[in-house]
Structure formats: structure tokens, C-alpha cells
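Content type PDB, C-alpha atoms, from the file run.pdb:
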```pdb
ATOM      1  CA  MET A 123      -3.968 -20.585  15.912
ATOM      2  CA  LYS A 124      -1.710 -17.880  14.547
ATOM      3  CA  ALA A 125      -0.400 -18.197  11.005
ATOM      4  CA  ARG A 126       3.313 -18.402  10.408
ATOM      5  CA  LEU A 127       4.786 -15.096   9.305
ATOM      6  CA  ARG A 128       8.018 -14.315   7.462
ATOM      7  CA  VAL A 129       9.100 -10.670   7.688
ATOM      8  CA  VAL A 130       9.676  -9.124   4.260
ATOM      9  CA  TYR A 131      10.059  -5.433   5.174
ATOM     10  CA  THR A 132      11.402  -4.510   8.617
ATOM     11  CA  PRO A 133      10.274  -1.391  10.491
ATOM     12  CA  GLY A 134      13.595   0.297   9.682
ATOM     13  CA  ARG A 135      13.345  -0.472   5.981
ATOM     14  CA  LEU A 136       9.729   0.750   5.894
ATOM     15  CA  ALA A 137      10.612   3.991   7.695
ATOM     16  CA  ALA A 138      13.540   4.695   5.359
ATOM     17  CA  ARG A 139      11.486   4.089   2.209
ATOM     18  CA  VAL A 140       8.493   6.112   3.448
ATOM     19  CA  ALA A 141      10.864   9.000   4.261
ATOM     20  CA  GLN A 142      12.297   8.840   0.707
ATOM     21  CA  MET A 143       8.788   8.905  -0.768
ATOM     22  CA  ALA A 144       7.831  11.880   1.436
ATOM     23  CA  ARG A 145      10.898  13.821   0.291
ATOM     24  CA  ALA A 146      10.007  13.183  -3.368
ATOM     25  CA  ILE A 147       6.377  14.243  -2.812
ATOM     26  CA  SER A 148       7.474  17.366  -0.885
ATOM     27  CA  ARG A 149       9.854  18.300  -3.699
ATOM     28  CA  ASP A 150       7.143  17.808  -6.362
ATOM     29  CA  TYR A 151       4.601  19.952  -4.480
ATOM     30  CA  ARG A 152       6.956  22.620  -3.073
ATOM     31  CA  GLY A 153       5.101  25.905  -2.591
ATOM     32  CA  ARG A 154       1.648  24.331  -3.026
ATOM     33  CA  ARG A 155      -1.014  22.896  -0.764
ATOM     34  CA  LEU A 156      -1.751  19.182  -1.151
ATOM     35  CA  ASP A 157      -5.087  17.439  -0.641
ATOM     36  CA  VAL A 158      -4.370  13.850   0.372
ATOM     37  CA  ILE A 159      -7.065  11.211   0.060
ATOM     38  CA  VAL A 160      -6.367   8.105   2.130
ATOM     39  CA  MET A 161      -8.052   4.857   1.156
ATOM     40  CA  LEU A 162      -9.155   3.067   4.304
ATOM     41  CA  GLU A 163      -8.621   0.560   5.822
ATOM     42  CA  ASN A 164      -5.302  -0.918   4.709
ATOM     43  CA  GLY A 165      -3.676   2.435   3.985
ATOM     44  CA  PHE A 166      -3.998   4.099   7.389
ATOM     45  CA  MET A 167      -0.577   3.241   8.922
ATOM     46  CA  PHE A 168       1.357   3.947   5.748
ATOM     47  CA  ALA A 169      -0.566   7.201   5.216
ATOM     48  CA  ALA A 170       0.017   8.372   8.793
ATOM     49  CA  ASP A 171       3.778   7.831   8.515
ATOM     50  CA  LEU A 172       3.923   9.357   5.032
ATOM     51  CA  LEU A 173       1.872  12.458   5.919
ATOM     52  CA  ARG A 174       3.978  13.209   9.010
ATOM     53  CA  ARG A 175       7.037  13.404   6.751
ATOM     54  CA  ILE A 176       5.584  15.469   3.875
ATOM     55  CA  ASP A 177       6.961  18.993   4.163
ATOM     56  CA  VAL A 178       4.158  20.974   2.463
ATOM     57  CA  PRO A 179       0.730  22.007   3.803
ATOM     58  CA  VAL A 180      -1.591  18.982   3.704
ATOM     59  CA  ILE A 181      -5.350  18.626   3.983
ATOM     60  CA  CYS A 182      -6.324  15.040   4.713
ATOM     61  CA  HIS A 183      -9.495  13.287   3.509
ATOM     62  CA  PHE A 184     -10.553   9.658   3.974
ATOM     63  CA  VAL A 185     -12.553   7.355   1.723
ATOM     64  CA  ARG A 186     -13.708   3.841   2.397
ATOM     65  CA  GLU A 187     -14.048   1.280  -0.362
ATOM     66  CA  GLU A 188     -17.244  -0.748  -0.397
ATOM     67  CA  MET A 189     -17.495  -3.826  -2.615
ATOM     68  CA  ARG A 190     -20.571  -5.934  -3.101
ATOM     69  CA  ASP A 191     -21.655  -8.651  -5.488
ATOM     70  CA  VAL A 192     -24.738  -7.733  -7.529
ATOM     71  CA  GLU A 193     -26.779  -9.579 -10.104
ATOM     72  CA  LEU A 194     -27.833  -7.624 -13.162
ATOM     73  CA  SER A 195     -29.710  -9.236 -16.077
ATOM     74  CA  GLY A 196     -28.696 -12.670 -14.850
ATOM     75  CA  PHE A 197     -24.980 -11.819 -14.609
ATOM     76  CA  ARG A 198     -23.126 -11.649 -11.315
ATOM     77  CA  ARG A 199     -20.559  -8.908 -10.973
ATOM     78  CA  ARG A 200     -18.665  -7.087  -8.277
ATOM     79  CA  GLU A 201     -19.570  -3.450  -7.752
ATOM     80  CA  VAL A 202     -17.191  -0.909  -6.208
ATOM     81  CA  SER A 203     -18.314   2.271  -4.496
ATOM     82  CA  PHE A 204     -16.724   4.804  -2.168
ATOM     83  CA  THR A 205     -17.909   7.093   0.575
ATOM     84  CA  ALA A 206     -18.543  10.742  -0.375
ATOM     85  CA  ARG A 207     -15.814  12.499  -2.373
ATOM     86  CA  PRO A 208     -14.478  15.849  -1.206
ATOM     87  CA  ALA A 209     -14.665  18.961  -3.415
ATOM     88  CA  LEU A 210     -11.311  19.089  -5.223
ATOM     89  CA  LYS A 211     -11.784  21.540  -8.105
ATOM     90  CA  GLY A 212      -8.464  23.188  -8.968
ATOM     91  CA  ARG A 213      -6.546  21.408  -6.192
ATOM     92  CA  ASP A 214      -3.457  19.196  -6.189
ATOM     93  CA  VAL A 215      -4.556  15.742  -5.047
ATOM     94  CA  LEU A 216      -2.574  12.726  -3.871
ATOM     95  CA  LEU A 217      -4.419   9.421  -3.500
ATOM     96  CA  VAL A 218      -2.718   7.163  -0.927
ATOM     97  CA  ASP A 219      -3.241   3.414  -0.535
ATOM     98  CA  ALA A 220      -1.183   0.603   0.926
ATOM     99  CA  VAL A 221      -1.416  -1.915  -1.933
ATOM    100  CA  LEU A 222      -1.896  -1.601  -5.688
ATOM    101  CA  GLU A 223      -2.630  -5.066  -7.044
ATOM    102  CA  THR A 224      -5.550  -5.410  -9.475
ATOM    103  CA  GLY A 225      -5.846  -1.630  -9.638
ATOM    104  CA  VAL A 226      -9.614  -1.866 -10.048
ATOM    105  CA  PRO A 227     -10.633   0.061  -6.895
ATOM    106  CA  GLN A 228      -7.946   2.705  -7.344
ATOM    107  CA  GLU A 229      -8.696   3.205 -11.044
ATOM    108  CA  PHE A 230     -12.407   3.524 -10.275
ATOM    109  CA  LEU A 231     -11.729   6.135  -7.587
ATOM    110  CA  VAL A 232      -9.264   8.024  -9.821
ATOM    111  CA  ARG A 233     -11.960   8.322 -12.502
ATOM    112  CA  ARG A 234     -14.474   9.611  -9.919
ATOM    113  CA  LEU A 235     -11.953  12.103  -8.510
ATOM    114  CA  LEU A 236     -11.088  13.419 -11.967
ATOM    115  CA  GLU A 237     -14.765  14.338 -12.380
ATOM    116  CA  SER A 238     -14.179  16.926  -9.616
ATOM    117  CA  GLY A 239     -11.682  18.795 -11.830
ATOM    118  CA  PRO A 240      -8.509  18.698  -9.713
ATOM    119  CA  ARG A 241      -5.432  20.600 -10.901
ATOM    120  CA  SER A 242      -3.400  17.380 -10.595
ATOM    121  CA  LEU A 243      -3.986  13.850  -9.333
ATOM    122  CA  LYS A 244      -1.266  11.367  -8.413
ATOM    123  CA  LEU A 245      -1.202   7.968  -6.702
ATOM    124  CA  ALA A 246       1.154   6.838  -3.914
ATOM    125  CA  VAL A 247       1.279   3.217  -2.757
ATOM    126  CA  LEU A 248       3.476   1.362  -0.333
ATOM    127  CA  LEU A 249       3.324  -1.952  -2.188
ATOM    128  CA  ASP A 250       2.927  -2.389  -5.938
ATOM    129  CA  LYS A 251       2.011  -5.892  -7.158
ATOM    130  CA  PRO A 252       2.043  -5.474 -10.963
ATOM    131  CA  GLN A 253       1.551  -9.202 -11.687
ATOM    132  CA  GLY A 254      -2.028  -8.958 -10.450
ATOM    133  CA  ARG A 255      -2.954  -5.822 -12.429
ATOM    134  CA  LYS A 256      -6.269  -5.960 -14.298
ATOM    135  CA  VAL A 257      -6.343  -2.313 -15.450
ATOM    136  CA  ASN A 258      -3.802   0.061 -16.963
ATOM    137  CA  LEU A 259      -2.846   2.006 -13.835
ATOM    138  CA  LYS A 260       0.592   2.896 -12.496
ATOM    139  CA  ALA A 261       1.433   4.596  -9.232
ATOM    140  CA  ASP A 262       3.436   7.816  -9.297
ATOM    141  CA  TYR A 263       5.135   7.052  -5.981
ATOM    142  CA  VAL A 264       5.923   3.436  -5.016
ATOM    143  CA  GLY A 265       7.465   2.104  -1.840
ATOM    144  CA  PHE A 266       8.265  -1.428  -2.957
ATOM    145  CA  VAL A 267       7.443  -3.587  -5.986
ATOM    146  CA  THR A 268       6.600  -7.037  -4.700
ATOM    147  CA  ALA A 269       5.112 -10.393  -5.675
ATOM    148  CA  SER A 270       1.422 -11.107  -5.262
ATOM    149  CA  ASN A 271       1.796 -12.855  -1.912
ATOM    150  CA  LYS A 272      -0.606 -12.394   0.993
ATOM    151  CA  LEU A 273       1.147  -9.646   2.938
ATOM    152  CA  VAL A 274       0.162  -8.598   6.457
ATOM    153  CA  GLY A 275       1.266  -6.074   9.068
ATOM    154  CA  TYR A 276       1.838  -2.308   8.985
ATOM    155  CA  GLY A 277      -1.908  -1.772   8.546
ATOM    156  CA  LEU A 278      -2.552  -4.806   6.338
ATOM    157  CA  SER A 279      -4.965  -7.303   7.877
ATOM    158  CA  GLY A 280      -4.581 -11.056   7.705
ATOM    159  CA  ARG A 281      -7.039 -13.883   8.285
ATOM    160  CA  GLY A 282      -7.126 -13.380  12.042
ATOM    161  CA  GLY A 283      -7.094  -9.600  11.936
ATOM    162  CA  TYR A 284      -4.421  -9.303  14.630
ATOM    163  CA  GLU A 285      -1.584  -8.803  12.132
ATOM    164  CA  ARG A 286      -2.686  -5.278  11.185
ATOM    165  CA  SER A 287      -0.816  -3.815  14.180
ATOM    166  CA  LEU A 288       2.541  -5.456  13.398
ATOM    167  CA  PRO A 289       5.344  -2.899  12.824
ATOM    168  CA  SER A 290       6.694  -4.821   9.810
ATOM    169  CA  VAL A 291       5.271  -6.296   6.602
ATOM    170  CA  ALA A 292       5.312 -10.086   6.478
ATOM    171  CA  VAL A 293       4.156 -12.925   4.242
ATOM    172  CA  GLU A 294       1.326 -14.855   5.860
ATOM    173  CA  GLY A 295       1.494 -18.649   5.883
ATOM    174  CA  ALA A 296       5.133 -18.701   4.813
ATOM    175  CA  SER A 297       7.310 -21.601   5.773
ATOM    176  CA  ARG A 298      10.714 -20.914   7.154
ATOM    177  CA  ALA A 299      13.290 -20.153   4.465
ATOM    178  CA  PRO A 300      16.022 -22.804   4.150
ATOM    179  CA  ARG A 301      19.507 -21.924   5.227
ATOM    180  CA  ASN A 302      21.777 -21.636   2.229
ATOM    181  CA  ARG A 303      25.207 -21.359   3.768
ATOM    182  CA  PRO A 304      28.149 -22.241   1.555
ATOM    183  CA  ARG A 305      29.390 -25.802   2.058
ATOM    184  CA  ARG A 306      32.750 -24.785   3.543
ATOM    185  CA  LEU A 307      30.984 -22.693   6.198
ATOM    186  CA  ARG A 308      28.765 -25.644   7.152
ATOM    187  CA  LYS A 309      31.842 -27.864   7.498
ATOM    188  CA  ALA A 310      33.647 -25.267   9.619
ATOM    189  CA  ALA A 311      30.604 -24.862  11.850
ATOM    190  CA  SER A 312      30.267 -28.635  12.331
ATOM    191  CA  ARG A 313      34.001 -28.917  13.231
ATOM    192  CA  ARG A 314      33.585 -26.223  15.898
ATOM    193  CA  ARG A 315      30.734 -28.134  17.508
ATOM    194  CA  LYS A 316      32.868 -31.291  17.910
TER     195      LYS A 316
END
```

Step by step, read the file and then write its structure as C-alpha cells.
Amino acid sequence: MKARLRVVYTPGRLAARVAQMARAISRDYRGRRLDVIVMLENGFMFAADLLRRIDVPVICHFVREEMRDVELSGFRRREVSFTARPALKGRDVLLVDAVLETGVPQEFLVRRLLESGPRSLKLAVLLDKPQGRKVNLKADYVGFVTASNKLVGYGLSGRGGYERSLPSVAVEGASRAPRNRPRRLRKAASRRRK
């Protein structure tokens, strides 16, 4: 059974905002080459649209986050690791992800990437959920600041997995929003029906 979805960001709104972000990134890196690191899997649709609109030379790299629970000295903890990092010494680097919520995976990867000695390192995210932040990390380029709801679509997977291909971003499991028409409009509409 498919979950109920309420669209939060339409395809048109997403395209307009991604284009604005790409213009800002292109302006900031004018005359330079940019190494873009895309965090898979949620970030692939956003990154594809963003990269097509960036107007500077781009080299694209992909990393995959791997999380596992480990027990060390009787304490359970979650461990984050990433696939191999590219060589980035002296390069301008842009890390791209779809969602910045706790910030833990992104902050961990930023620290690892800084060990490579890049010239600069910035973070671009489509959705920033600052209420869920567990580390002191802010994105340099943000599409939308949003609440910590379960969002699906535009690359973001839901419980069933089918939502990832939706062209919009929606809240999963949302009930239909009530209609809040002014009272006089409701009365006029009911008179027309009679």
C-alpha cells in the first residue's frame, strides 16, 4: 500500500531554486575548475540538475556513505565510513548532498576531505533541516530550509523505495491539509450550489 504524499516542492519550484544555486556557484568559481563530490544515494537527482547548470568546468566524483553499528568496549555506537576519496590537493571542492539534517555524515566527510589539502571546500544541499543538527555545520549553498519531516521524491527514498523517482519533493504519510477558505467564500460557494 502506497503512503499518502503531500507535495511540498513542485518540479517548477525545484528547477528554479536549483538554477539560482547554480548561478551563485558559477559566480563564486568563475575562472576556476571545480571538483564536485556527490554523496550517493539521495543526492544524485539534485546533483545531476545542479551540475548541468553550473557554468564552470566541473570534474565529478561520487562517494557512498556506509553506516554500521559497532560494539567497542561494551558500548554500542554508529560508525560512518565512505568509499575512497579522490586526490584533491590544491583544488576547489564542492560537496553536494540532498539533505543536511544531523550533519554527522557530512561533517565526517568534510574532515576527511580537508586532510587532502584542497584549496577550498564548500557544501551545497537541497534541503537544510537545522532542527535536527547534532554538529556545528552549515551549508554554503542551500536550496530550502525545511522542518524535519520525512521527505521523499526527487532522489529521496521513502519506505517503499518507489518515491525516489518522483519529480517533486513530498512529505510522506501526510494527511490532507484542511481547506481554510474565508467564511464569506464558503457561504458564496454554498449559495451557488443551491

If you count all atoms listed in the file, the residue of A:Glu187, A:Asp250, A:Glu193, A:Glu294 closest to A:Val221 turns out to be A:Asp250

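What the PyMOL selection byres ((chain A and resi 163) around 10) grabs from this file is Val160, Met161, Leu162, Asn164, Gly165, Phe166, Met167, Phe184, Val185, Arg186, Glu187, Asp219, Ala220, Gly277, Leu278, Ser279 and Arg286 of chain A.
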
| message | Set the distance at 7 Å and use all atoms listed in the file: which residues neighbour stretch 259-266 of chain A once local chain neighbours fewer than 2 positions away are removed? I'd like the list as a list in words. | response | Arg139, Val140, Met143, Gly225, Glu229, Lys244, Leu245, Ala246, Val247, Leu248, Leu249, Asp250, Val257 and Thr268 of chain A

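Among the candidates A:Cys182, A:Ile159, A:Lys251, A:Ile176, the one nearest to A:Val232 when counting all atoms listed in the file is A:Ile159.
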
Go through A:Pro179, A:Pro252, A:Pro208, A:Gly275 one by one, measure the shortest atom-to-atom distance of each to A:Ser238 using all atoms listed in the file, and give the residue with the smallest value.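 Residue with the minimum atom-to-atom distance to A:Ser238: A:Pro208.
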
What does the PyMOL selection byres ((chain A and resi 215) around 8) select in this file, as a PyMOL selection string? chain A and resi 156-159+210+213-214+216-217+240-244

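Separating atom CA of A:Gly283 from atom CA of A:Val129 is a distance of 16.8 Å.
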
re atom CA of A:Ala146 and atom CA of A:Leu236: distance 22.8 Å

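Here atom CA of A:Val274 and atom CA of A:Leu288 stand 8.0 Å from one another.
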
Take the point (4.3, -11.4, -1.5) as written in the file and pick out every residue within 9 Å of it, counting all atoms listed in the file; give the list as a CSV table (one decimal) with C-alpha atoms, keeping the file's coordinate frame.
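Output file selection_30.csv is given in full below:
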```
chain,number,residue,atom,x,y,z
A,130,VAL,CA,9.7,-9.1,4.3
A,251,LYS,CA,2.0,-5.9,-7.2
A,268,THR,CA,6.6,-7.0,-4.7
A,269,ALA,CA,5.1,-10.4,-5.7
A,270,SER,CA,1.4,-11.1,-5.3
A,271,ASN,CA,1.8,-12.9,-1.9
A,272,LYS,CA,-0.6,-12.4,1.0
A,273,LEU,CA,1.1,-9.6,2.9
A,292,ALA,CA,5.3,-10.1,6.5
A,293,VAL,CA,4.2,-12.9,4.2
A,294,GLU,CA,1.3,-14.9,5.9
```

Please provide the set of residues having any atom within 7 Å of A:Ser148, restricted to all atoms listed in the file, with same-chain residues fewer than 3 positions apart removed, written as a ChimeraX atom specification.
/A:144-145,151-152,176-178

Residue with the minimum atom-to-atom distance to A:Ala169, picked from A:Val218, A:Arg149, A:His183, A:Leu235 with only C-alpha atoms counted, is A:Val218

Around stretch 165-169 of chain A, fit a box with edges along x, y and z, padding it by 3 Å on each side, then list its centre and edge lengths in Å to one decimal as AutoDock Vina command-line options.
```
--center_x -1.3 --center_y 4.8 --center_z 6.5 --size_x 11.4 --size_y 10.8 --size_z 10.9
```

Original post:
So which residues touch A:Ser290 within 6 Å, counting all atoms listed in the file, skipping near sequence neighbours fewer than 4 positions away, as a list in words?
Top reply: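 Final neighbour list, sorted by chain and number: Tyr131, Thr132, Pro133, Gly275 and Tyr276 of chain A.
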